file data_19.csv (CSV, C-alpha atoms)
chain,number,residue,atom,x,y,z
A,1,MET,CA,61.0,32.2,111.7
A,2,SER,CA,63.1,29.2,111.1
A,3,ALA,CA,65.9,28.0,113.5
A,4,PRO,CA,69.4,28.7,112.4
A,5,ASN,CA,71.2,25.8,110.8
A,6,ARG,CA,74.4,24.2,112.0
A,7,SER,CA,76.7,26.1,109.6
A,8,THR,CA,75.2,29.5,110.7
A,9,ILE,CA,75.8,28.6,114.3
A,10,ALA,CA,79.3,27.6,113.6
A,11,SER,CA,80.0,30.8,111.8
A,12,MET,CA,78.6,32.9,114.7
A,13,ILE,CA,80.8,31.0,117.1
A,14,ALA,CA,83.8,31.5,115.0
A,15,MET,CA,83.1,35.3,114.7
A,16,VAL,CA,82.7,35.6,118.5
A,17,ALA,CA,85.9,33.6,119.1
A,18,THR,CA,87.8,35.8,116.7
A,19,ALA,CA,86.4,38.9,118.4
A,20,LEU,CA,87.4,37.6,121.8
A,21,VAL,CA,90.9,36.7,120.7
A,22,ALA,CA,91.3,40.2,119.2
A,23,ALA,CA,90.0,41.8,122.3
A,24,ALA,CA,92.4,39.7,124.5
A,25,VAL,CA,95.3,40.7,122.3
A,26,GLN,CA,94.3,44.4,122.6
A,27,ALA,CA,93.9,44.1,126.3
A,28,GLN,CA,97.3,42.6,126.8
A,29,THR,CA,99.4,45.0,128.9
A,30,PRO,CA,102.0,46.5,126.5
A,31,PRO,CA,105.7,46.2,127.5
A,32,ASP,CA,107.3,49.2,129.1
A,33,LEU,CA,109.9,50.6,126.7
A,34,THR,CA,110.6,53.6,128.9
A,35,GLY,CA,114.3,54.2,129.3
A,36,SER,CA,117.5,54.8,127.3
A,37,TRP,CA,118.5,52.6,124.3
A,38,GLU,CA,121.5,52.4,122.0
A,39,ARG,CA,122.2,50.4,118.8
A,40,HIS,CA,122.7,46.8,119.4
A,41,ARG,CA,125.2,44.8,117.3
A,42,ALA,CA,125.7,41.2,118.6
A,43,PRO,CA,128.3,38.8,117.1
A,44,ALA,CA,127.4,37.3,113.7
A,45,GLY,CA,124.8,34.6,113.9
A,46,ASP,CA,123.2,36.0,117.1
A,47,PRO,CA,119.4,35.8,116.7
A,48,THR,CA,118.9,39.2,118.2
A,49,ASN,CA,120.7,40.7,115.2
A,50,PRO,CA,118.0,42.0,112.7
A,51,PRO,CA,118.2,41.1,109.0
A,52,PRO,CA,121.0,43.0,107.1
A,53,GLU,CA,120.1,46.3,105.7
A,54,THR,CA,119.3,46.4,102.0
A,55,PRO,CA,119.5,49.3,99.5
A,56,PRO,CA,116.4,51.1,98.6
A,57,PRO,CA,114.3,49.4,95.8
A,58,LEU,CA,114.1,52.7,93.9
A,59,LYS,CA,112.5,52.6,90.5
A,60,GLY,CA,114.7,52.5,87.3
A,61,GLU,CA,116.4,55.9,86.7
A,62,LEU,CA,116.0,56.9,90.4
A,63,LEU,CA,118.1,53.9,91.4
A,64,VAL,CA,120.7,54.8,88.8
A,65,GLU,CA,120.9,58.4,90.1
A,66,TRP,CA,121.1,57.1,93.7
A,67,GLN,CA,124.0,54.9,92.9
A,68,ALA,CA,125.7,57.7,91.1
A,69,ARG,CA,125.4,60.0,94.1
A,70,ALA,CA,126.7,57.2,96.4
A,71,LYS,CA,129.8,56.9,94.1
A,72,LEU,CA,130.4,60.6,94.1
A,73,VAL,CA,130.2,60.6,97.9
A,74,ARG,CA,132.8,57.8,98.1
A,75,GLU,CA,135.1,59.5,95.6
A,76,ALA,CA,134.9,62.8,97.4
A,77,ASP,CA,135.8,61.1,100.7
A,78,ALA,CA,138.7,59.3,99.0
A,79,ARG,CA,140.0,62.7,97.8
A,80,GLY,CA,139.7,64.2,101.3
A,81,GLU,CA,137.1,66.6,100.1
A,82,PRO,CA,133.8,65.2,101.6
A,83,ILE,CA,130.5,66.6,100.4
A,84,ALA,CA,129.1,68.7,103.1
A,85,THR,CA,125.9,67.3,104.7
A,86,GLY,CA,123.0,68.5,106.8
A,87,TYR,CA,125.2,67.9,109.9
A,88,THR,CA,127.6,70.6,108.5
A,89,HIS,CA,124.6,73.0,108.8
A,90,CYS,CA,123.6,71.7,112.3
A,91,LEU,CA,120.4,70.1,110.8
A,92,PRO,CA,118.9,67.0,112.5
A,93,ASP,CA,118.2,63.7,110.8
A,94,GLY,CA,114.4,63.5,111.1
A,95,VAL,CA,112.3,60.4,110.8
A,96,PRO,CA,113.3,57.6,110.3
A,97,SER,CA,117.1,58.4,110.2
A,98,MET,CA,117.1,59.4,113.8
A,99,MET,CA,116.3,55.8,114.7
A,100,SER,CA,119.6,54.6,113.1
A,101,GLY,CA,121.8,56.0,115.9
A,102,PRO,CA,124.7,56.0,116.5
A,103,PHE,CA,123.8,58.2,119.6
A,104,PRO,CA,121.5,56.8,122.2
A,105,PHE,CA,117.8,57.7,122.4
A,106,GLU,CA,115.2,57.8,125.2
A,107,ILE,CA,111.7,56.4,125.1
A,108,LEU,CA,109.1,58.0,127.4
A,109,GLN,CA,105.8,56.1,127.4
A,110,ASN,CA,102.3,56.5,128.8
A,111,GLY,CA,98.9,55.4,127.7
A,112,ARG,CA,98.3,58.3,125.4
A,113,GLN,CA,101.6,59.1,123.9
A,114,ILE,CA,105.1,57.8,123.3
A,115,ASN,CA,108.0,60.2,122.9
A,116,ILE,CA,111.3,59.2,121.4
A,117,THR,CA,114.2,61.6,121.9
A,118,GLN,CA,117.4,61.1,120.0
A,119,GLU,CA,120.4,62.4,121.9
A,120,ALA,CA,122.1,63.8,118.8
A,121,TYR,CA,120.6,67.2,118.1
A,122,ASN,CA,117.9,66.8,120.8
A,123,GLN,CA,115.5,65.4,118.3
A,124,THR,CA,112.1,64.4,119.7
A,125,ARG,CA,109.4,62.6,117.8
A,126,ARG,CA,105.9,62.1,119.3
A,127,ILE,CA,103.7,59.1,118.6
A,128,TYR,CA,100.1,59.7,119.6
A,129,LEU,CA,98.2,56.6,120.7
A,130,GLY,CA,94.6,55.8,120.0
A,131,ARG,CA,94.2,58.6,117.4
A,132,GLU,CA,93.2,58.4,113.8
A,133,GLN,CA,96.0,59.5,111.4
A,134,VAL,CA,95.5,62.9,109.9
A,135,THR,CA,95.6,63.7,106.2
A,136,LEU,CA,98.5,65.5,104.5
A,137,ASP,CA,96.1,68.5,104.1
A,138,ASP,CA,95.9,68.8,107.9
A,139,ILE,CA,99.6,69.2,108.5
A,140,GLU,CA,102.7,70.8,107.2
A,141,ALA,CA,105.6,68.5,106.3
A,142,GLY,CA,108.4,68.5,108.8
A,143,PHE,CA,111.5,66.7,110.0
A,144,TYR,CA,109.5,64.2,112.1
A,145,GLY,CA,106.1,64.2,110.4
A,146,HIS,CA,102.9,63.1,112.2
A,147,SER,CA,102.9,59.8,113.9
A,148,VAL,CA,100.1,57.7,115.4
A,149,GLY,CA,100.4,54.4,117.1
A,150,GLU,CA,98.6,51.5,118.7
A,151,TRP,CA,99.6,48.4,120.5
A,152,HIS,CA,98.9,45.1,118.7
A,153,GLY,CA,99.6,42.8,121.6
A,154,ASP,CA,103.3,43.3,122.4
A,155,THR,CA,104.0,45.2,119.3
A,156,LEU,CA,103.8,49.0,118.9
A,157,VAL,CA,102.6,49.7,115.4
A,158,VAL,CA,103.3,53.3,114.2
A,159,ASP,CA,102.2,55.1,111.1
A,160,THR,CA,104.0,58.3,110.0
A,161,ILE,CA,103.3,60.7,107.2
A,162,GLY,CA,104.3,64.3,106.4
A,163,ILE,CA,108.1,64.2,106.0
A,164,LYS,CA,109.8,67.1,104.2
A,165,ASP,CA,111.0,66.1,100.8
A,166,TYR,CA,114.7,66.8,101.5
A,167,ILE,CA,114.7,64.8,104.8
A,168,ARG,CA,116.0,61.6,103.3
A,169,PHE,CA,116.8,58.2,104.8
A,170,ARG,CA,120.0,56.8,103.2
A,171,ASP,CA,119.7,59.6,100.7
A,172,THR,CA,116.6,58.0,99.3
A,173,PRO,CA,114.3,60.5,97.5
A,174,HIS,CA,110.6,60.2,98.4
A,175,SER,CA,107.3,61.6,97.4
A,176,ARG,CA,104.9,63.7,99.4
A,177,ASP,CA,102.8,60.6,99.9
A,178,MET,CA,105.5,58.5,101.5
A,179,ARG,CA,104.2,56.5,104.5
A,180,ILE,CA,106.5,55.0,107.2
A,181,LYS,CA,105.2,52.0,109.1
A,182,GLU,CA,107.1,50.8,112.1
A,183,ARG,CA,106.7,47.8,114.3
A,184,LEU,CA,108.6,48.1,117.6
A,185,ARG,CA,108.8,45.0,119.8
A,186,LEU,CA,111.1,43.4,122.3
A,187,VAL,CA,112.8,40.3,120.9
A,188,ALA,CA,114.5,39.7,124.2
A,189,PRO,CA,113.9,41.4,127.6
A,190,ASP,CA,116.4,44.2,126.9
A,191,ILE,CA,116.6,44.1,123.1
A,192,LEU,CA,114.2,46.1,121.0
A,193,TRP,CA,113.7,45.9,117.3
A,194,ASP,CA,112.2,48.7,115.1
A,195,GLU,CA,111.1,47.2,111.8
A,196,ILE,CA,110.7,50.2,109.5
A,197,THR,CA,108.8,49.8,106.3
A,198,ILE,CA,108.7,52.7,103.8
A,199,GLU,CA,105.8,52.7,101.4
A,200,ASP,CA,106.1,55.0,98.4
A,201,PRO,CA,104.7,53.5,95.2
A,202,ALA,CA,105.7,56.6,93.2
A,203,MET,CA,109.4,56.1,94.0
A,204,LEU,CA,109.9,52.5,95.1
A,205,GLU,CA,109.3,49.3,93.2
A,206,LYS,CA,108.0,47.7,96.5
A,207,PRO,CA,107.9,48.6,100.2
A,208,TRP,CA,111.4,48.8,101.7
A,209,THR,CA,112.0,47.4,105.1
A,210,VAL,CA,115.0,48.1,107.3
A,211,THR,CA,115.2,46.9,110.9
A,212,PHE,CA,117.4,48.3,113.6
A,213,ALA,CA,118.1,46.6,117.0
A,214,TYR,CA,118.7,48.4,120.3
A,215,LYS,CA,119.8,47.4,123.7
A,216,ARG,CA,118.8,49.0,127.0
A,217,MET,CA,121.2,51.3,128.7
A,218,PRO,CA,120.3,50.9,132.4
A,219,GLY,CA,121.0,54.0,134.5
A,220,TYR,CA,122.0,56.1,131.5
A,221,ASP,CA,120.4,59.6,131.4
A,222,LEU,CA,120.4,61.4,128.0
A,223,ILE,CA,122.9,64.2,127.8
A,224,GLU,CA,121.8,67.5,126.2
A,225,TYR,CA,123.1,68.1,122.7
A,226,VAL,CA,122.9,71.6,121.1
A,227,CYS,CA,124.7,72.1,117.8
A,228,GLU,CA,126.4,75.2,119.1
A,229,ASP,CA,129.5,76.0,117.1
A,230,ASN,CA,130.4,73.8,114.3
A,231,ARG,CA,133.8,74.9,112.9
A,232,GLU,CA,133.2,72.6,110.0
A,233,TYR,CA,131.6,74.4,107.1
A,234,ALA,CA,130.6,74.0,103.4
A,235,ASP,CA,132.8,76.0,101.0
A,236,GLU,CA,131.5,77.5,97.8
A,237,ASP,CA,131.8,74.1,96.1
A,238,GLY,CA,129.9,72.3,98.8
A,239,VAL,CA,133.0,70.6,100.2
A,240,GLY,CA,133.2,70.2,104.0
A,241,ARG,CA,136.1,72.1,105.5
A,242,LEU,CA,137.4,72.9,109.0
A,243,ARG,CA,137.8,76.5,110.0
A,244,VAL,CA,141.2,76.9,111.5
A,245,THR,CA,141.3,80.0,113.8
A,246,LYS,CA,143.3,81.4,116.6
A,247,PRO,CA,141.1,82.8,119.4
A,248,GLU,CA,141.5,86.5,120.1
B,1,MET,CA,136.4,75.4,89.3
B,2,THR,CA,137.3,71.9,88.0
B,3,ARG,CA,134.8,69.8,86.2
B,4,LEU,CA,134.8,67.4,89.2
B,5,ARG,CA,134.0,70.1,91.6
B,6,ILE,CA,131.2,71.3,89.4
B,7,ALA,CA,129.8,67.8,89.5
B,8,VAL,CA,130.1,67.6,93.3
B,9,ALA,CA,128.4,71.0,93.7
B,10,MET,CA,125.6,69.9,91.4
B,11,VAL,CA,125.0,66.9,93.6
B,12,VAL,CA,124.8,69.1,96.7
B,13,LEU,CA,122.4,71.4,94.9
B,14,LEU,CA,120.2,68.5,93.8
B,15,ALA,CA,120.3,66.7,97.1
B,16,GLY,CA,119.4,69.8,99.0
B,17,PRO,CA,120.9,70.9,102.3
B,18,VAL,CA,120.4,67.7,104.3
B,19,ALA,CA,122.6,64.8,105.1
B,20,ALA,CA,123.1,62.5,102.2
B,21,TRP,CA,124.2,59.5,104.2
B,22,GLY,CA,123.5,60.2,107.8
B,23,HIS,CA,127.1,60.1,108.9
B,24,HIS,CA,129.9,62.5,109.7
B,25,SER,CA,132.9,62.1,107.5
B,26,PHE,CA,136.4,62.3,108.8
B,27,ALA,CA,137.7,62.4,105.2
B,28,ILE,CA,139.3,65.9,105.6
B,29,PHE,CA,141.9,64.3,108.0
B,30,ASP,CA,145.0,62.3,106.9
B,31,HIS,CA,144.5,58.6,107.7
B,32,THR,CA,148.1,57.7,106.7
B,33,GLN,CA,150.2,59.7,109.2
B,34,THR,CA,150.0,61.3,112.6
B,35,VAL,CA,151.6,64.4,114.0
B,36,THR,CA,152.6,64.9,117.6
B,37,LEU,CA,152.2,68.4,118.9
B,38,LYS,CA,153.7,69.6,122.2
B,39,GLY,CA,152.2,72.9,123.1
B,40,THR,CA,150.2,75.3,125.3
B,41,VAL,CA,146.5,75.2,125.5
B,42,LEU,CA,144.8,78.5,124.7
B,43,SER,CA,141.3,77.1,125.1
B,44,PHE,CA,139.2,73.9,125.4
B,45,GLN,CA,135.9,74.5,123.7
B,46,TRP,CA,133.3,72.1,125.2
B,47,THR,CA,130.6,72.2,122.5
B,48,ASN,CA,128.7,70.1,120.0
B,49,PRO,CA,128.9,68.8,117.4
B,50,HIS,CA,132.7,68.9,118.2
B,51,GLY,CA,134.9,70.0,120.9
B,52,TYR,CA,138.0,72.0,120.0
B,53,ILE,CA,141.4,72.6,121.6
B,54,GLU,CA,143.3,75.6,120.5
B,55,LEU,CA,147.0,75.0,120.8
B,56,ASP,CA,150.2,77.1,120.5
B,57,VAL,CA,153.2,75.1,119.5
B,58,ASP,CA,156.8,76.4,119.7
B,59,GLU,CA,158.4,75.2,116.5
B,60,GLY,CA,161.8,76.6,117.2
B,61,PRO,CA,163.2,78.7,114.4
B,62,LYS,CA,159.7,78.9,112.8
B,63,GLY,CA,158.4,80.5,116.0
B,64,VAL,CA,155.1,79.7,117.7
B,65,GLU,CA,152.6,78.1,115.4
B,66,HIS,CA,148.9,77.9,116.2
B,67,TYR,CA,146.8,74.7,115.7
B,68,THR,CA,143.1,74.0,115.9
B,69,VAL,CA,142.5,70.5,117.1
B,70,GLU,CA,139.0,69.0,116.6
B,71,LEU,CA,137.6,66.4,119.0
B,72,THR,CA,134.5,64.1,118.7
B,73,SER,CA,131.1,65.2,120.0
B,74,ILE,CA,131.3,66.1,123.7
B,75,ASN,CA,128.5,63.6,124.4
B,76,MET,CA,130.8,60.8,123.1
B,77,LEU,CA,133.6,62.2,125.2
B,78,ARG,CA,131.4,62.3,128.2
B,79,ARG,CA,130.3,58.7,127.8
B,80,ALA,CA,134.0,57.8,127.5
B,81,GLY,CA,134.7,59.5,130.8
B,82,TRP,CA,136.0,62.9,129.7
B,83,LYS,CA,135.2,66.1,131.6
B,84,SER,CA,135.3,69.7,130.4
B,85,SER,CA,137.8,70.2,133.3
B,86,ASP,CA,140.3,67.7,131.9
B,87,VAL,CA,142.0,70.4,129.9
B,88,SER,CA,142.4,74.1,130.8
B,89,ALA,CA,144.0,77.2,129.2
B,90,GLY,CA,147.6,77.3,130.1
B,91,ASP,CA,148.1,73.5,130.3
B,92,GLU,CA,151.1,72.0,128.6
B,93,VAL,CA,149.9,69.0,126.7
B,94,THR,CA,151.0,66.5,124.1
B,95,ALA,CA,148.5,65.9,121.3
B,96,VAL,CA,148.6,63.2,118.7
B,97,ILE,CA,146.5,64.3,115.7
B,98,ALA,CA,145.5,63.2,112.3
B,99,PRO,CA,146.5,66.3,110.4
B,100,LEU,CA,144.3,68.2,107.9
B,101,LEU,CA,144.9,67.0,104.4
B,102,ASN,CA,144.9,70.5,103.0
B,103,GLY,CA,148.0,71.4,105.0
B,104,GLU,CA,146.4,73.9,107.3
B,105,HIS,CA,147.4,73.9,110.9
B,106,GLY,CA,144.6,71.6,112.3
B,107,GLY,CA,143.7,68.1,112.8
B,108,LEU,CA,141.6,65.4,114.6
B,109,LEU,CA,142.7,64.5,118.1
B,110,LEU,CA,143.6,60.8,118.6
B,111,GLU,CA,145.4,61.0,121.9
B,112,LEU,CA,146.1,63.7,124.5
B,113,LYS,CA,148.6,63.6,127.4
B,114,VAL,CA,147.5,66.1,130.1
B,115,PRO,CA,149.7,67.7,132.9
B,116,ASP,CA,148.6,65.2,135.6
B,117,GLY,CA,150.2,62.4,133.5
B,118,ARG,CA,147.1,60.8,132.2
B,119,THR,CA,146.8,59.9,128.5
B,120,LEU,CA,143.3,60.5,127.3
B,121,THR,CA,141.9,58.8,124.2
B,122,PRO,CA,138.9,60.3,122.5
B,123,PRO,CA,136.3,57.8,121.2
B,124,VAL,CA,136.9,58.5,117.5
B,125,PRO,CA,134.8,56.1,115.4
B,126,ALA,CA,137.0,53.6,113.5
B,127,ILE,CA,140.1,55.1,115.2
B,128,GLY,CA,142.1,52.1,114.0
B,129,THR,CA,141.8,53.4,110.5
B,130,PHE,CA,144.2,56.3,111.3
B,131,LYS,CA,147.8,55.0,110.9
B,132,ARG,CA,150.1,56.1,113.6
B,133,THR,CA,153.5,57.4,112.5
B,134,PRO,CA,156.5,58.5,114.6
call {"tool": "encode", "arguments": {"input": "data_19.csv", "output": "structure tokens"}}
result
Amino acid sequence: MSAPNRSTIASMIAMVATALVAAAVQAQTPPDLTGSWERHRAPAGDPTNPPPETPPPLKGELLVEWQARAKLVREADARGEPIATGYTHCLPDGVPSMMSGPFPFEILQNGRQINITQEAYNQTRRIYLGREQVTLDDIEAGFYGHSVGEWHGDTLVVDTIGIKDYIRFRDTPHSRDMRIKERLRLVAPDILWDEITIEDPAMLEKPWTVTFAYKRMPGYDLIEYVCEDNREYADEDGVGRLRVTKPE
Amino acid sequence: MTRLRIAVAMVVLLAGPVAAWGHHSFAIFDHTQTVTLKGTVLSFQWTNPHGYIELDVDEGPKGVEHYTVELTSINMLRRAGWKSSDVSAGDEVTAVIAPLLNGEHGGLLLELKVPDGRTLTPPVPAIGTFKRTP
């Protein structure tokens, strides 16, 4: 057997070094995100502000329809006859809208699982760590889908599938195959970013990334929120109204 | 049903039952004028997604008129320092509201003076967009 030449040895060293670096990154203790958070909006130019939100890069006719719906919503508001929404029916936002606030949310973190509870509508999503993602055939679509995550150094990388078709972020239609990828990391000791990328080749021209920033709320305990008695209702035309009643 | 309403209803139908834009609209309330009501509280409903104050207002020759006053989410009220005990049945209060645009006796609470002399302000988002009038 001949001795390995120099280039083979160099390749082996490079592979080992790469593996060691990867292992070191994986072994890094992840930051503790446990606690309450709310949307963070710093003055313009502050580097903790994420990039501005962009509209969904919907394909051709889908974008035209999206813009037309947005126009109808604006016009209905201007007329004082807003189009009733899921909130009118006490329905929660689901993923990823629940990450947009404006209510606070709570992160509860351990080595196996991370729960995020949005105060509004008591919404909880569960992110399972160290698990393989399931397939769409394994689950039923829901408001929060199925999320798995892993730490890449100081960044929590989350993958979510299985969102119901009418649970829409920014009114953006999506296919059954939509995949939501998130990267959560601290950009300052008490400022967290969630970089949300929606991949849906059937509907979007390209992946769509929206980033939200949050700040810690030291000492704040989430308050329960049950949508108990909404006097606002949708009339027969789908217009949001307020039921004016005198108690008996 | 007007053509416009048919169009709106179609949008709701196509979009399904869930929020189009992820926000709660205050568009049913008049942003151009306020009404000040002095009346007696019948009840203070401490619930989500909105709190409500039921108010009887003596309008002189017209008699006693009833108003339903909507507040923001009670979680927002709580974070702003409100308590469910701030208002009770029987309290005489002065409420500044953005009235309903459709003319019904109701509105959105913008300010409330309670019997102990405090003036409470609910944390209405973009409250500055509601023009105050005498």
call {"tool": "residues_around", "arguments": {"input": "data_19.csv", "residues": "Glu61 in chain A", "least_positions_apart": "4", "cutoff": "12 Å", "atoms": "all atoms listed in the file", "output": "PyMOL selection string"}}
result
chain A and resi 57+65-68+173+203-205
call {"tool": "atom_distance", "arguments": {"input": "data_19.csv", "atom1": "CA of Ile97 in chain B", "atom2": "CA of Ala70 in chain A"}}
result
28.5 Å
call {"tool": "closest_residue", "arguments": {"input": "data_19.csv", "among": "A:Arg112, A:His89, A:His152, A:Arg79", "to": "Arg185 in chain A", "atoms": "only C-alpha atoms"}}
result
A:His152
call {"tool": "closest_residue", "arguments": {"input": "data_19.csv", "among": "B:Thr34, B:Asn48, B:Ser84, B:Ser73", "to": "Val96 in chain B", "atoms": "all atoms listed in the file"}}
result
B:Thr34
call {"tool": "atom_distance", "arguments": {"input": "data_19.csv", "atom1": "CA of Met217 in chain A", "atom2": "CA of Gly145 in chain A"}}
result
27.0 Å
call {"tool": "closest_residue", "arguments": {"input": "data_19.csv", "among": "B:Gln33, B:Thr40, B:Thr68, B:Gln45", "to": "Glu104 in chain B", "atoms": "all atoms listed in the file"}}
result
B:Thr68
call {"tool": "residues_around", "arguments": {"input": "data_19.csv", "residues": "Trp82 in chain B", "least_positions_apart": "6", "cutoff": "9 Å", "atoms": "all atoms listed in the file", "output": "number ranges by chain"}}
result
B: 74, 76, 120, 122
call {"tool": "write_last_selection", "arguments": {"input": "data_19.csv", "atoms": "C-alpha atoms", "output": "PDB file, in the coordinates of the input"}}
result
ATOM      1  CA  ILE B  74     131.300  66.100 123.700  1.00  0.00           C
ATOM      2  CA  MET B  76     130.800  60.800 123.100  1.00  0.00           C
ATOM      3  CA  LEU B 120     143.300  60.500 127.300  1.00  0.00           C
ATOM      4  CA  PRO B 122     138.900  60.300 122.500  1.00  0.00           C
TER       5      PRO B 122
END
call {"tool": "closest_residue", "arguments": {"input": "data_19.csv", "among": "A:Leu192, A:Thr34, A:Ala84, A:Glu224", "to": "Ala120 in chain A", "atoms": "all atoms listed in the file"}}
result
A:Glu224
call {"tool": "atom_distance", "arguments": {"input": "data_19.csv", "atom1": "CA of Asp194 in chain A", "atom2": "CA of Leu156 in chain A"}}
result
9.2 Å
call {"tool": "residues_around", "arguments": {"input": "data_19.csv", "residues": "Ser43 in chain B", "least_positions_apart": "4", "cutoff": "6 Å", "atoms": "all atoms listed in the file", "output": "PyMOL selection string"}}
result
chain B and resi 53-54+89
call {"tool": "closest_residue", "arguments": {"input": "data_19.csv", "among": "B:Asp86, B:Glu70, B:Asp91, B:Glu111", "to": "Ile28 in chain B", "atoms": "only C-alpha atoms"}}
result
B:Glu70
call {"tool": "closest_residue", "arguments": {"input": "data_19.csv", "among": "A:Arg179, A:Arg126, A:His40, A:Arg241", "to": "chain B", "atoms": "only C-alpha atoms"}}
result
A:Arg241
